[in-house]
file data-v3.pdb (PDB, C-alpha atoms)
MODEL        1
ATOM      1  CA  MET A   1       0.000   0.000   0.000
ATOM      2  CA  ILE A   2       1.535   3.317  -1.089
ATOM      3  CA  VAL A   3      -0.107   6.459   0.210
ATOM      4  CA  GLU A   4       0.635  10.021  -0.890
ATOM      5  CA  SER A   5      -1.502  12.373   1.184
ATOM      6  CA  ASN A   6      -1.266  14.988   3.909
ATOM      7  CA  ILE A   7      -3.918  13.093   5.866
ATOM      8  CA  LYS A   8      -2.577  10.230   7.975
ATOM      9  CA  ARG A   9      -4.366   6.970   7.386
ATOM     10  CA  GLN A  10      -4.114   4.934  10.577
ATOM     11  CA  LEU A  11      -4.955   1.290  11.218
ATOM     12  CA  VAL A  12      -4.611  -0.597  14.510
ATOM     13  CA  ILE A  13      -4.618  -4.289  13.561
ATOM     14  CA  ILE A  14      -4.746  -6.584  16.608
ATOM     15  CA  GLY A  15      -3.947 -10.296  16.794
ATOM     16  CA  GLY A  16      -6.791 -10.993  19.223
ATOM     17  CA  ALA A  17      -7.054 -11.544  23.002
ATOM     18  CA  GLU A  18      -5.834  -8.009  23.729
ATOM     19  CA  ASP A  19      -5.618  -6.906  27.364
ATOM     20  CA  LYS A  20      -8.872  -5.236  28.424
ATOM     21  CA  ASP A  21      -8.476  -5.126  32.194
ATOM     22  CA  GLY A  22      -4.874  -4.109  32.936
ATOM     23  CA  ASP A  23      -2.804  -1.380  31.313
ATOM     24  CA  SER A  24      -4.645  -2.099  28.021
ATOM     25  CA  ILE A  25      -1.654  -0.826  26.041
ATOM     26  CA  ILE A  26      -3.152  -1.588  22.628
ATOM     27  CA  LEU A  27      -6.663  -0.289  23.251
ATOM     28  CA  ARG A  28      -5.176   2.721  25.047
ATOM     29  CA  ASP A  29      -3.107   3.472  21.938
ATOM     30  CA  PHE A  30      -6.224   3.210  19.754
ATOM     31  CA  VAL A  31      -8.222   5.586  21.972
ATOM     32  CA  ARG A  32      -5.369   8.099  22.014
ATOM     33  CA  ARG A  33      -5.073   8.003  18.221
ATOM     34  CA  ALA A  34      -8.851   8.325  17.843
ATOM     35  CA  GLY A  35      -8.974  11.571  19.811
ATOM     36  CA  GLY A  36      -8.247  10.679  23.433
ATOM     37  CA  THR A  37     -10.788  12.153  25.833
ATOM     38  CA  LYS A  38     -12.647  13.599  22.835
ATOM     39  CA  ALA A  39     -12.835  10.275  20.993
ATOM     40  CA  TYR A  40     -16.146   9.143  19.483
ATOM     41  CA  ILE A  41     -15.740   5.399  18.925
ATOM     42  CA  VAL A  42     -18.136   3.227  16.950
ATOM     43  CA  ILE A  43     -17.906  -0.492  17.798
ATOM     44  CA  MET A  44     -18.777  -2.717  14.840
ATOM     45  CA  THR A  45     -20.108  -6.056  16.117
ATOM     46  CA  ALA A  46     -21.072  -7.720  12.820
ATOM     47  CA  ALA A  47     -18.521 -10.523  13.400
ATOM     48  CA  THR A  48     -20.063 -11.822  16.617
ATOM     49  CA  GLU A  49     -23.295 -13.588  17.480
ATOM     50  CA  LEU A  50     -23.187 -11.872  20.902
ATOM     51  CA  PRO A  51     -23.135  -8.214  19.826
ATOM     52  CA  LYS A  52     -24.540  -6.739  23.058
ATOM     53  CA  GLU A  53     -22.224  -8.660  25.372
ATOM     54  CA  VAL A  54     -19.101  -8.110  23.259
ATOM     55  CA  GLY A  55     -19.922  -4.494  22.449
ATOM     56  CA  GLU A  56     -20.644  -3.526  26.056
ATOM     57  CA  ASN A  57     -17.322  -5.025  27.139
ATOM     58  CA  TYR A  58     -15.516  -2.667  24.743
ATOM     59  CA  ILE A  59     -17.655   0.288  25.828
ATOM     60  CA  ARG A  60     -16.526  -0.405  29.395
ATOM     61  CA  VAL A  61     -12.850  -0.391  28.362
ATOM     62  CA  PHE A  62     -13.051   2.671  26.121
ATOM     63  CA  GLU A  63     -14.944   4.668  28.748
ATOM     64  CA  ARG A  64     -12.446   3.608  31.435
ATOM     65  CA  LEU A  65      -9.673   4.935  29.200
ATOM     66  CA  GLY A  66     -11.484   8.249  28.902
ATOM     67  CA  ALA A  67     -13.179   8.202  25.494
ATOM     68  CA  GLU A  68     -15.956  10.783  25.397
ATOM     69  CA  ASN A  69     -18.368   8.526  23.548
ATOM     70  CA  ALA A  70     -18.396   4.817  22.662
ATOM     71  CA  ARG A  71     -21.400   3.140  21.085
ATOM     72  CA  ILE A  72     -22.292  -0.198  19.539
ATOM     73  CA  LEU A  73     -23.303  -0.324  15.890
ATOM     74  CA  ASP A  74     -24.939  -3.736  15.563
ATOM     75  CA  ILE A  75     -25.612  -4.368  11.893
ATOM     76  CA  GLU A  76     -27.203  -7.776  11.360
ATOM     77  CA  THR A  77     -28.307  -7.497   7.712
ATOM     78  CA  ARG A  78     -27.232  -5.690   4.576
ATOM     79  CA  GLU A  79     -30.433  -3.659   4.832
ATOM     80  CA  ASP A  80     -29.311  -2.420   8.255
ATOM     81  CA  ALA A  81     -26.114  -1.178   6.601
ATOM     82  CA  ALA A  82     -28.081   1.479   4.727
ATOM     83  CA  SER A  83     -29.851   2.948   7.764
ATOM     84  CA  SER A  84     -29.531   6.673   8.311
ATOM     85  CA  THR A  85     -28.775   6.101  12.012
ATOM     86  CA  ALA A  86     -25.814   3.873  11.197
ATOM     87  CA  LEU A  87     -24.447   6.264   8.589
ATOM     88  CA  GLU A  88     -24.807   9.199  10.972
ATOM     89  CA  ALA A  89     -22.798   7.338  13.611
ATOM     90  CA  ILE A  90     -19.973   6.677  11.140
ATOM     91  CA  ASN A  91     -19.972  10.314  10.040
ATOM     92  CA  LYS A  92     -19.525  11.393  13.680
ATOM     93  CA  ALA A  93     -16.876   8.787  14.511
ATOM     94  CA  THR A  94     -13.227   9.532  15.191
ATOM     95  CA  GLY A  95     -12.492   5.815  15.539
ATOM     96  CA  VAL A  96     -14.143   2.648  14.220
ATOM     97  CA  PHE A  97     -13.441  -0.674  15.976
ATOM     98  CA  PHE A  98     -14.243  -4.117  14.481
ATOM     99  CA  THR A  99     -14.632  -6.841  17.119
ATOM    100  CA  GLY A 100     -13.667 -10.490  16.850
ATOM    101  CA  GLY A 101     -15.916 -13.340  15.836
ATOM    102  CA  ASP A 102     -16.268 -14.687  12.290
ATOM    103  CA  GLN A 103     -14.659 -12.606   9.554
ATOM    104  CA  ALA A 104     -16.985 -14.080   6.924
ATOM    105  CA  ARG A 105     -19.920 -12.513   8.781
ATOM    106  CA  ILE A 106     -18.285  -9.084   8.521
ATOM    107  CA  THR A 107     -17.834  -9.216   4.754
ATOM    108  CA  SER A 108     -21.144 -10.938   3.997
ATOM    109  CA  ILE A 109     -23.041  -8.259   5.943
ATOM    110  CA  LEU A 110     -20.971  -5.136   5.279
ATOM    111  CA  LYS A 111     -18.913  -5.402   2.103
ATOM    112  CA  ASP A 112     -19.994  -3.055  -0.728
ATOM    113  CA  THR A 113     -22.836  -1.591   1.328
ATOM    114  CA  GLU A 114     -23.427   2.092   2.036
ATOM    115  CA  ILE A 115     -21.822   1.819   5.447
ATOM    116  CA  ASP A 116     -18.747   0.102   3.974
ATOM    117  CA  LEU A 117     -18.340   3.004   1.562
ATOM    118  CA  ALA A 118     -18.899   5.487   4.395
ATOM    119  CA  ILE A 119     -16.217   3.877   6.584
ATOM    120  CA  HIS A 120     -13.712   3.932   3.711
ATOM    121  CA  LYS A 121     -14.503   7.580   3.068
ATOM    122  CA  ARG A 122     -13.979   8.442   6.742
ATOM    123  CA  PHE A 123     -10.734   6.429   6.739
ATOM    124  CA  SER A 124      -9.469   8.548   3.840
ATOM    125  CA  GLU A 125     -10.365  11.610   5.918
ATOM    126  CA  GLY A 126      -8.269  10.460   8.885
ATOM    127  CA  VAL A 127     -10.631   8.397  11.052
ATOM    128  CA  VAL A 128      -8.694   5.614  12.824
ATOM    129  CA  ILE A 129      -9.785   2.073  11.939
ATOM    130  CA  ALA A 130      -9.046  -0.823  14.297
ATOM    131  CA  GLY A 131      -9.903  -4.490  14.366
ATOM    132  CA  THR A 132      -9.112  -7.491  16.542
ATOM    133  CA  SER A 133      -9.031 -11.173  15.570
ATOM    134  CA  ALA A 134     -11.729 -11.461  12.861
ATOM    135  CA  GLY A 135     -11.701  -7.667  12.736
ATOM    136  CA  ALA A 136      -7.998  -7.866  11.866
ATOM    137  CA  ALA A 137      -8.491 -10.580   9.241
ATOM    138  CA  VAL A 138     -10.775  -8.344   7.127
ATOM    139  CA  MET A 139      -8.228  -5.505   6.754
ATOM    140  CA  PRO A 140      -6.661  -6.685   3.437
ATOM    141  CA  ASP A 141      -8.478  -6.789   0.108
ATOM    142  CA  ILE A 142      -8.150 -10.599   0.060
ATOM    143  CA  MET A 143      -8.446 -12.250   3.470
ATOM    144  CA  ILE A 144      -8.042 -15.631   5.109
ATOM    145  CA  VAL A 145     -11.593 -16.882   5.640
ATOM    146  CA  GLU A 146     -10.572 -20.036   7.481
ATOM    147  CA  GLY A 147      -7.857 -22.649   7.453
ATOM    148  CA  ASP A 148      -5.937 -25.314   9.319
ATOM    149  CA  SER A 149      -3.462 -24.407  12.051
ATOM    150  CA  GLU A 150      -0.325 -26.268  13.137
ATOM    151  CA  THR A 151       0.372 -27.728   9.728
ATOM    152  CA  ASN A 152       2.874 -27.425   6.901
ATOM    153  CA  PRO A 153       1.914 -25.262   3.893
ATOM    154  CA  ARG A 154      -0.517 -26.895   1.449
ATOM    155  CA  ILE A 155      -3.053 -25.514  -1.029
ATOM    156  CA  GLU A 156      -5.934 -27.070   0.927
ATOM    157  CA  THR A 157      -4.731 -25.519   4.210
ATOM    158  CA  VAL A 158      -6.507 -22.215   3.701
ATOM    159  CA  GLU A 159      -9.650 -20.710   2.169
ATOM    160  CA  MET A 160      -9.423 -17.146   0.853
ATOM    161  CA  GLY A 161     -12.113 -14.561   0.150
ATOM    162  CA  PRO A 162     -12.698 -10.822  -0.298
ATOM    163  CA  GLY A 163     -11.778  -8.576   2.637
ATOM    164  CA  LEU A 164     -12.661  -4.936   3.286
ATOM    165  CA  GLY A 165      -9.501  -3.576   1.659
ATOM    166  CA  PHE A 166      -8.166  -1.078   4.205
ATOM    167  CA  LEU A 167      -4.640  -2.497   3.699
ATOM    168  CA  PRO A 168      -4.571  -3.992   0.189
ATOM    169  CA  GLY A 169      -1.811  -6.144  -1.262
ATOM    170  CA  VAL A 170      -1.007  -8.090   1.920
ATOM    171  CA  VAL A 171      -2.257 -11.135   3.821
ATOM    172  CA  ILE A 172      -2.936 -11.000   7.580
ATOM    173  CA  ASP A 173      -3.362 -13.811  10.112
ATOM    174  CA  GLN A 174      -4.054 -13.526  13.848
ATOM    175  CA  HIS A 175      -3.645 -15.586  17.067
ATOM    176  CA  PHE A 176      -0.470 -16.391  15.184
ATOM    177  CA  SER A 177       2.153 -18.077  17.385
ATOM    178  CA  GLN A 178      -0.483 -19.268  19.850
ATOM    179  CA  ARG A 179      -2.206 -21.358  17.156
ATOM    180  CA  GLY A 180       0.813 -22.294  15.030
ATOM    181  CA  ARG A 181      -0.335 -20.548  11.863
ATOM    182  CA  LEU A 182       2.900 -20.079   9.914
ATOM    183  CA  GLY A 183       1.960 -22.848   7.496
ATOM    184  CA  ARG A 184      -1.405 -21.342   6.634
ATOM    185  CA  LEU A 185       0.049 -17.816   6.283
ATOM    186  CA  ILE A 186       2.620 -19.089   3.766
ATOM    187  CA  SER A 187      -0.102 -21.047   1.956
ATOM    188  CA  ALA A 188      -2.272 -17.916   1.745
ATOM    189  CA  LEU A 189       0.641 -15.834   0.526
ATOM    190  CA  ILE A 190       1.479 -18.228  -2.314
ATOM    191  CA  LEU A 191      -2.183 -18.494  -3.339
ATOM    192  CA  GLN A 192      -2.534 -14.697  -3.635
ATOM    193  CA  PRO A 193      -0.721 -12.021  -5.679
ATOM    194  CA  ALA A 194       0.345 -10.388  -2.366
ATOM    195  CA  VAL A 195       4.041 -10.553  -1.487
ATOM    196  CA  LEU A 196       3.827  -9.667   2.227
ATOM    197  CA  GLY A 197       2.189 -11.771   4.912
ATOM    198  CA  PHE A 198       1.744 -10.587   8.510
ATOM    199  CA  GLY A 199       1.144 -13.014  11.395
ATOM    200  CA  ILE A 200       0.097 -11.127  14.537
ATOM    201  CA  ASP A 201       0.364 -12.720  17.980
ATOM    202  CA  GLU A 202      -2.316 -12.339  20.642
ATOM    203  CA  ASN A 203      -2.223  -9.140  22.736
ATOM    204  CA  THR A 204      -0.101  -7.632  19.959
ATOM    205  CA  ALA A 205      -0.907  -5.105  17.247
ATOM    206  CA  MET A 206       0.611  -3.601  14.147
ATOM    207  CA  VAL A 207      -0.151   0.101  13.936
ATOM    208  CA  VAL A 208      -0.112   1.218  10.317
ATOM    209  CA  ILE A 209       0.405   4.919   9.617
ATOM    210  CA  ASP A 210       0.412   5.442   5.863
ATOM    211  CA  ASN A 211       3.384   3.302   4.731
ATOM    212  CA  GLN A 212       5.009   2.567   8.092
ATOM    213  CA  ILE A 213       4.148  -0.097  10.673
ATOM    214  CA  GLU A 214       4.983  -0.069  14.384
ATOM    215  CA  ILE A 215       4.571  -3.132  16.592
ATOM    216  CA  ILE A 216       3.030  -2.737  20.046
ATOM    217  CA  GLY A 217       2.053  -5.257  22.693
ATOM    218  CA  GLN A 218       3.243  -8.401  24.404
ATOM    219  CA  GLY A 219       4.092 -10.675  21.479
ATOM    220  CA  ALA A 220       5.515 -10.201  17.997
ATOM    221  CA  VAL A 221       4.528  -9.835  14.371
ATOM    222  CA  THR A 222       5.965 -12.393  11.951
ATOM    223  CA  ILE A 223       6.452 -10.992   8.440
ATOM    224  CA  VAL A 224       6.933 -13.260   5.436
ATOM    225  CA  ASP A 225       8.227 -11.492   2.306
ATOM    226  CA  GLU A 226       8.163 -13.569  -0.869
ATOM    227  CA  SER A 227       8.906 -10.670  -3.219
ATOM    228  CA  GLU A 228      12.392 -12.033  -3.926
ATOM    229  CA  SER A 229      11.675 -15.744  -3.499
ATOM    230  CA  THR A 230      13.484 -17.901  -6.032
ATOM    231  CA  TYR A 231      11.113 -20.847  -6.340
ATOM    232  CA  ASN A 232       7.787 -22.379  -5.364
ATOM    233  CA  ASN A 233       6.134 -25.550  -6.626
ATOM    234  CA  MET A 234       2.603 -24.155  -6.834
ATOM    235  CA  GLY A 235       2.248 -25.082 -10.519
ATOM    236  CA  GLU A 236       3.492 -28.628 -10.053
ATOM    237  CA  ILE A 237       1.487 -30.090  -7.178
ATOM    238  CA  LEU A 238      -1.962 -31.489  -6.486
ATOM    239  CA  LYS A 239      -4.292 -29.989  -3.904
ATOM    240  CA  ASP A 240      -3.277 -32.211  -0.978
ATOM    241  CA  GLU A 241       0.485 -32.148  -1.646
ATOM    242  CA  PRO A 242       2.927 -29.973   0.338
ATOM    243  CA  LEU A 243       3.999 -26.567  -0.905
ATOM    244  CA  ALA A 244       7.655 -25.659  -1.269
ATOM    245  CA  ILE A 245       9.032 -22.111  -1.253
ATOM    246  CA  CYS A 246      12.692 -21.045  -1.488
ATOM    247  CA  GLY A 247      14.379 -17.706  -0.888
ATOM    248  CA  ALA A 248      11.581 -16.012   1.055
ATOM    249  CA  LYS A 249      12.487 -13.585   3.846
ATOM    250  CA  LEU A 250      11.281 -13.910   7.423
ATOM    251  CA  HIS A 251      11.227 -11.038   9.938
ATOM    252  CA  ILE A 252      10.054 -11.372  13.543
ATOM    253  CA  LEU A 253       9.439  -7.987  15.146
ATOM    254  CA  PRO A 254       8.415  -7.414  18.798
ATOM    255  CA  HIS A 255       7.191  -4.290  20.592
ATOM    256  CA  GLY A 256       8.792  -1.058  19.440
ATOM    257  CA  PHE A 257      10.142  -2.305  16.117
ATOM    258  CA  LYS A 258       9.010  -0.768  12.851
ATOM    259  CA  PHE A 259       8.585  -1.898   9.252
ATOM    260  CA  ASP A 260       8.519   0.107   6.020
ATOM    261  CA  LEU A 261       5.872  -1.020   3.526
ATOM    262  CA  LYS A 262       7.539   0.797   0.629
ATOM    263  CA  THR A 263      10.978  -0.776   1.023
ATOM    264  CA  ARG A 264       9.625  -3.979   2.619
ATOM    265  CA  GLN A 265      12.339  -3.679   5.259
ATOM    266  CA  PRO A 266      12.364  -3.504   9.074
ATOM    267  CA  ILE A 267      13.570  -0.206  10.523
ATOM    268  CA  LEU A 268      16.307  -0.387  13.160
ATOM    269  CA  ASN A 269      17.170   2.893  14.904
ATOM    270  CA  ASN A 270      15.646   4.819  11.993
ATOM    271  CA  ARG A 271      17.672   2.792   9.473
ATOM    272  CA  SER A 272      16.305   0.069   7.238
ATOM    273  CA  VAL A 273      17.785  -3.406   7.604
ATOM    274  CA  ALA A 274      19.220  -3.053   4.099
ATOM    275  CA  ASN A 275      21.602  -0.394   5.472
ATOM    276  CA  ALA A 276      22.263  -1.949   8.872
ATOM    277  CA  SER A 277      25.447  -3.877   9.535
ATOM    278  CA  VAL A 278      23.780  -6.466  11.827
ATOM    279  CA  PRO A 279      20.308  -7.733  10.754
ATOM    280  CA  VAL A 280      18.839  -7.974  14.254
ATOM    281  CA  GLY A 281      15.337  -9.417  14.371
ATOM    282  CA  SER A 282      15.577 -10.590  10.764
ATOM    283  CA  THR A 283      16.601 -13.768   9.029
ATOM    284  CA  ASN A 284      16.186 -15.550   5.714
ATOM    285  CA  ALA A 285      13.993 -18.600   5.354
TER     286      ALA A 285
ENDMDL
END

call {"tool": "encode", "arguments": {"input": "data-v3.pdb", "output": "C-alpha cells"}}
result
Amino acid sequence: MIVESNIKRQLVIIGGAEDKDGDSIILRDFVRRAGGTKAYIVIMTAATELPKEVGENYIRVFERLGAENARILDIETREDAASSTALEAINKATGVFFTGGDQARITSILKDTEIDLAIHKRFSEGVVIAGTSAGAAVMPDIMIVEGDSETNPRIETVEMGPGLGFLPGVVIDQHFSQRGRLGRLISALILQPAVLGFGIDENTAMVVIDNQIEIIGQGAVTIVDESESTYNNMGEILKDEPLAICGAKLHILPHGFKFDLKTRQPILNNRSVANASVPVGSTNA
C-alpha cells in the first residue's frame, strides 16, 4: 500500500485476546489516536453472534480509558447497513473498531454496502480504523476466511475470500504463534498475488500509519516477504500435496520495532535493515 496524502491513514490491527483489564496498552493506543478524551468510537459487532455482550465489554474499556463517547453499531443485515442512524454514527466517529468473531460474517453483511463506503470515506479523511481477531483478518483486500493451524503449507490448508480492503496487497493472520499458523500464512501468501504476509500474535498489534508499521504489545509480528523468493512448486502439485518455497524472507518484530511497507524492510534505529550492519530481528527462510 503506497499512500501520498497529507492526511494520515491509521490502522490498529490486533492479533486478538488483547488486554482489556490491565494497562490495556493496545486499546489505550487506539483511543489516544482516535482523539483521546474527545474520541467518538463506533464499535462494529457484525462478526459476533453476541453483539450486546461483546460491544458492552468494549464500551466499558473505552470509557475507562477516557473516550468521550463509545457506542455499539450492531448491523445484522445488509439492509441495516443502509440505515440513516448507522451512517450518521460513522460520520460522527473519530475511531471505528471491528470486534472479533467470524470474519466471513463481517464481509457478507458489510462489504460493498453504504456503510462500507462510508467507513472507507472516513478512513481517507483520517478516522482511525481498528480491528481485533476477525476484525484484523478483514483488513486486506483478500483475506483468510478459514484454514488449518499447526500444519505445513498446502493448497488445501486455507480458504481465501474478499476482505474490506483497508490495507490492500497483503495477507494477515491472527492468534499467530499461539495457534501455530505459519503454514497457513505461507499457503495464503502463495495463493494470492500479495508478497507480504503478517502473522500477529495475541495481545499484539501492528499500527499502520500510511506506509510505516509499528509493533506494540506483548508478542511479535511475523512478516513473510516472498517478493524475492526464487522458487515455489505451486504449478506442479496437487491440492493435498505440500507446498515448497525457497528464498523467502522472514522477519520477527516485537514491541517497538518498525517496518517500512515501501521498502519492505524492518527499521532499526531509523535505518532500514538493508543499510544496517547487523540484521537484528531478521533472518532468511

call {"tool": "atom_distance", "arguments": {"input": "data-v3.pdb", "atom1": "atom CA of Thr151 of chain A", "atom2": "atom CA of Asp240 of chain A"}}
result
12.2 Å

call {"tool": "closest_residue", "arguments": {"input": "data-v3.pdb", "among": "A:Gly101, A:Gly169, A:Gly183, A:Gly15", "to": "Ile245 of chain A", "atoms": "all atoms listed in the file"}}
result
A:Gly183

call {"tool": "resolve_selection", "arguments": {"input": "data-v3.pdb", "expression": "the PyMOL selection byres ((chain A and resi 48) around 10)", "output": "PyMOL selection string"}}
result
chain A and resi 44-47+49-55+74+76+98-103+105-106+134

call {"tool": "closest_residue", "arguments": {"input": "data-v3.pdb", "among": "A:Lys20, A:Lys92, A:Arg264, A:Arg33", "to": "Arg64 of chain A", "atoms": "all atoms listed in the file"}}
result
A:Lys20

call {"tool": "residues_around", "arguments": {"input": "data-v3.pdb", "residues": "Ala104 of chain A", "least_positions_apart": "4", "cutoff": "10 Å", "atoms": "all atoms listed in the file", "output": "number ranges by chain"}}
result
A: 46-47, 108-110, 134, 137-138, 143-146, 161-163

call {"tool": "atom_distance", "arguments": {"input": "data-v3.pdb", "atom1": "atom CA of Ile129 of chain A", "atom2": "atom CA of Thr94 of chain A"}}
result
8.8 Å

call {"tool": "closest_residue", "arguments": {"input": "data-v3.pdb", "among": "A:Asn203, A:Leu164, A:Ser83, A:Ile7", "to": "Gly22 of chain A", "atoms": "all atoms listed in the file"}}
result
A:Asn203

call {"tool": "resolve_selection", "arguments": {"input": "data-v3.pdb", "expression": "the PyMOL selection byres ((chain A and resi 116) around 12)", "output": "PyMOL selection string"}}
result
chain A and resi 44+75+78+80-82+86-87+90-91+96+106-115+117-123+163-166

call {"tool": "write_last_selection", "arguments": {"input": "data-v3.pdb", "atoms": "C-alpha atoms", "output": "PDB file, in the coordinates of the input"}}
result
ATOM      1  CA  MET A  44     -18.777  -2.717  14.840  1.00  0.00           C
ATOM      2  CA  ILE A  75     -25.612  -4.368  11.893  1.00  0.00           C
ATOM      3  CA  ARG A  78     -27.232  -5.690   4.576  1.00  0.00           C
ATOM      4  CA  ASP A  80     -29.311  -2.420   8.255  1.00  0.00           C
ATOM      5  CA  ALA A  81     -26.114  -1.178   6.601  1.00  0.00           C
ATOM      6  CA  ALA A  82     -28.081   1.479   4.727  1.00  0.00           C
ATOM      7  CA  ALA A  86     -25.814   3.873  11.197  1.00  0.00           C
ATOM      8  CA  LEU A  87     -24.447   6.264   8.589  1.00  0.00           C
ATOM      9  CA  ILE A  90     -19.973   6.677  11.140  1.00  0.00           C
ATOM     10  CA  ASN A  91     -19.972  10.314  10.040  1.00  0.00           C
ATOM     11  CA  VAL A  96     -14.143   2.648  14.220  1.00  0.00           C
ATOM     12  CA  ILE A 106     -18.285  -9.084   8.521  1.00  0.00           C
ATOM     13  CA  THR A 107     -17.834  -9.216   4.754  1.00  0.00           C
ATOM     14  CA  SER A 108     -21.144 -10.938   3.997  1.00  0.00           C
ATOM     15  CA  ILE A 109     -23.041  -8.259   5.943  1.00  0.00           C
ATOM     16  CA  LEU A 110     -20.971  -5.136   5.279  1.00  0.00           C
ATOM     17  CA  LYS A 111     -18.913  -5.402   2.103  1.00  0.00           C
ATOM     18  CA  ASP A 112     -19.994  -3.055  -0.728  1.00  0.00           C
ATOM     19  CA  THR A 113     -22.836  -1.591   1.328  1.00  0.00           C
ATOM     20  CA  GLU A 114     -23.427   2.092   2.036  1.00  0.00           C
ATOM     21  CA  ILE A 115     -21.822   1.819   5.447  1.00  0.00           C
ATOM     22  CA  LEU A 117     -18.340   3.004   1.562  1.00  0.00           C
ATOM     23  CA  ALA A 118     -18.899   5.487   4.395  1.00  0.00           C
ATOM     24  CA  ILE A 119     -16.217   3.877   6.584  1.00  0.00           C
ATOM     25  CA  HIS A 120     -13.712   3.932   3.711  1.00  0.00           C
ATOM     26  CA  LYS A 121     -14.503   7.580   3.068  1.00  0.00           C
ATOM     27  CA  ARG A 122     -13.979   8.442   6.742  1.00  0.00           C
ATOM     28  CA  PHE A 123     -10.734   6.429   6.739  1.00  0.00           C
ATOM     29  CA  GLY A 163     -11.778  -8.576   2.637  1.00  0.00           C
ATOM     30  CA  LEU A 164     -12.661  -4.936   3.286  1.00  0.00           C
ATOM     31  CA  GLY A 165      -9.501  -3.576   1.659  1.00  0.00           C
ATOM     32  CA  PHE A 166      -8.166  -1.078   4.205  1.00  0.00           C
TER      33      PHE A 166
END

call {"tool": "atom_distance", "arguments": {"input": "data-v3.pdb", "atom1": "atom CA of Leu268 of chain A", "atom2": "atom CA of Ile216 of chain A"}}
result
15.1 Å

call {"tool": "closest_residue", "arguments": {"input": "data-v3.pdb", "among": "A:Glu159, A:Asp201, A:Glu56, A:Asp29", "to": "Gly95 of chain A", "atoms": "all atoms listed in the file"}}
result
A:Asp29

call {"tool": "resolve_selection", "arguments": {"input": "data-v3.pdb", "expression": "the PyMOL selection byres ((chain A and resi 234) around 12)", "output": "PyMOL selection string"}}
result
chain A and resi 153-156+186-192+231-233+235-246

call {"tool": "residues_near_point", "arguments": {"input": "data-v3.pdb", "point": "(-3.5, -19.9, 15.4)", "cutoff": "12 Å", "atoms": "only C-alpha atoms", "output": "VMD selection string"}}
result
chain A and resid 15 to 17 133 146 to 151 172 to 185 199 to 202

call {"tool": "axis_aligned_box", "arguments": {"input": "data-v3.pdb", "around": "segment 224-227 of chain A", "padding_each_side": "3 Å", "output": "AutoDock Vina command-line options"}}
result
--center_x 7.9 --center_y -12.1 --center_z 1.1 --size_x 8.0 --size_y 8.9 --size_z 14.7

call {"tool": "closest_residue", "arguments": {"input": "data-v3.pdb", "among": "A:Gly217, A:Gly135, A:Pro254, A:Gly247", "to": "Arg28 of chain A", "atoms": "all atoms listed in the file"}}
result
A:Gly217

call {"tool": "decode", "arguments": {"input": "data-v3.pdb", "residues": "segment 118-129 of chain A", "atoms": "N, CA and C atoms", "output": "PDB file, in the first residue's frame"}}
result
ATOM      1  N   ALA A 118     -19.022   4.366   3.456  1.00  0.00           N
ATOM      2  CA  ALA A 118     -18.899   5.487   4.395  1.00  0.00           C
ATOM      3  C   ALA A 118     -17.662   5.331   5.274  1.00  0.00           C
ATOM      4  N   ILE A 119     -17.392   4.106   5.732  1.00  0.00           N
ATOM      5  CA  ILE A 119     -16.217   3.877   6.584  1.00  0.00           C
ATOM      6  C   ILE A 119     -14.940   4.121   5.792  1.00  0.00           C
ATOM      7  N   HIS A 120     -14.890   3.679   4.549  1.00  0.00           N
ATOM      8  CA  HIS A 120     -13.712   3.932   3.711  1.00  0.00           C
ATOM      9  C   HIS A 120     -13.522   5.433   3.473  1.00  0.00           C
ATOM     10  N   LYS A 121     -14.613   6.132   3.265  1.00  0.00           N
ATOM     11  CA  LYS A 121     -14.503   7.580   3.068  1.00  0.00           C
ATOM     12  C   LYS A 121     -13.952   8.250   4.316  1.00  0.00           C
ATOM     13  N   ARG A 122     -14.458   7.862   5.487  1.00  0.00           N
ATOM     14  CA  ARG A 122     -13.979   8.442   6.742  1.00  0.00           C
ATOM     15  C   ARG A 122     -12.523   8.055   7.000  1.00  0.00           C
ATOM     16  N   PHE A 123     -12.136   6.852   6.625  1.00  0.00           N
ATOM     17  CA  PHE A 123     -10.734   6.429   6.739  1.00  0.00           C
ATOM     18  C   PHE A 123      -9.831   7.335   5.914  1.00  0.00           C
ATOM     19  N   SER A 124     -10.262   7.660   4.698  1.00  0.00           N
ATOM     20  CA  SER A 124      -9.469   8.548   3.840  1.00  0.00           C
ATOM     21  C   SER A 124      -9.403   9.963   4.399  1.00  0.00           C
ATOM     22  N   GLU A 125     -10.340  10.280   5.298  1.00  0.00           N
ATOM     23  CA  GLU A 125     -10.365  11.610   5.918  1.00  0.00           C
ATOM     24  C   GLU A 125      -9.621  11.651   7.257  1.00  0.00           C
ATOM     25  N   GLY A 126      -9.081  10.489   7.681  1.00  0.00           N
ATOM     26  CA  GLY A 126      -8.269  10.460   8.885  1.00  0.00           C
ATOM     27  C   GLY A 126      -8.856   9.734  10.074  1.00  0.00           C
ATOM     28  N   VAL A 127     -10.056   9.169   9.954  1.00  0.00           N
ATOM     29  CA  VAL A 127     -10.631   8.397  11.052  1.00  0.00           C
ATOM     30  C   VAL A 127      -9.798   7.125  11.248  1.00  0.00           C
ATOM     31  N   VAL A 128      -9.517   6.779  12.505  1.00  0.00           N
ATOM     32  CA  VAL A 128      -8.694   5.614  12.824  1.00  0.00           C
ATOM     33  C   VAL A 128      -9.556   4.355  12.774  1.00  0.00           C
ATOM     34  N   ILE A 129      -9.081   3.342  12.054  1.00  0.00           N
ATOM     35  CA  ILE A 129      -9.785   2.073  11.939  1.00  0.00           C
ATOM     36  C   ILE A 129      -8.994   1.018  12.700  1.00  0.00           C
TER      37      ILE A 129
END
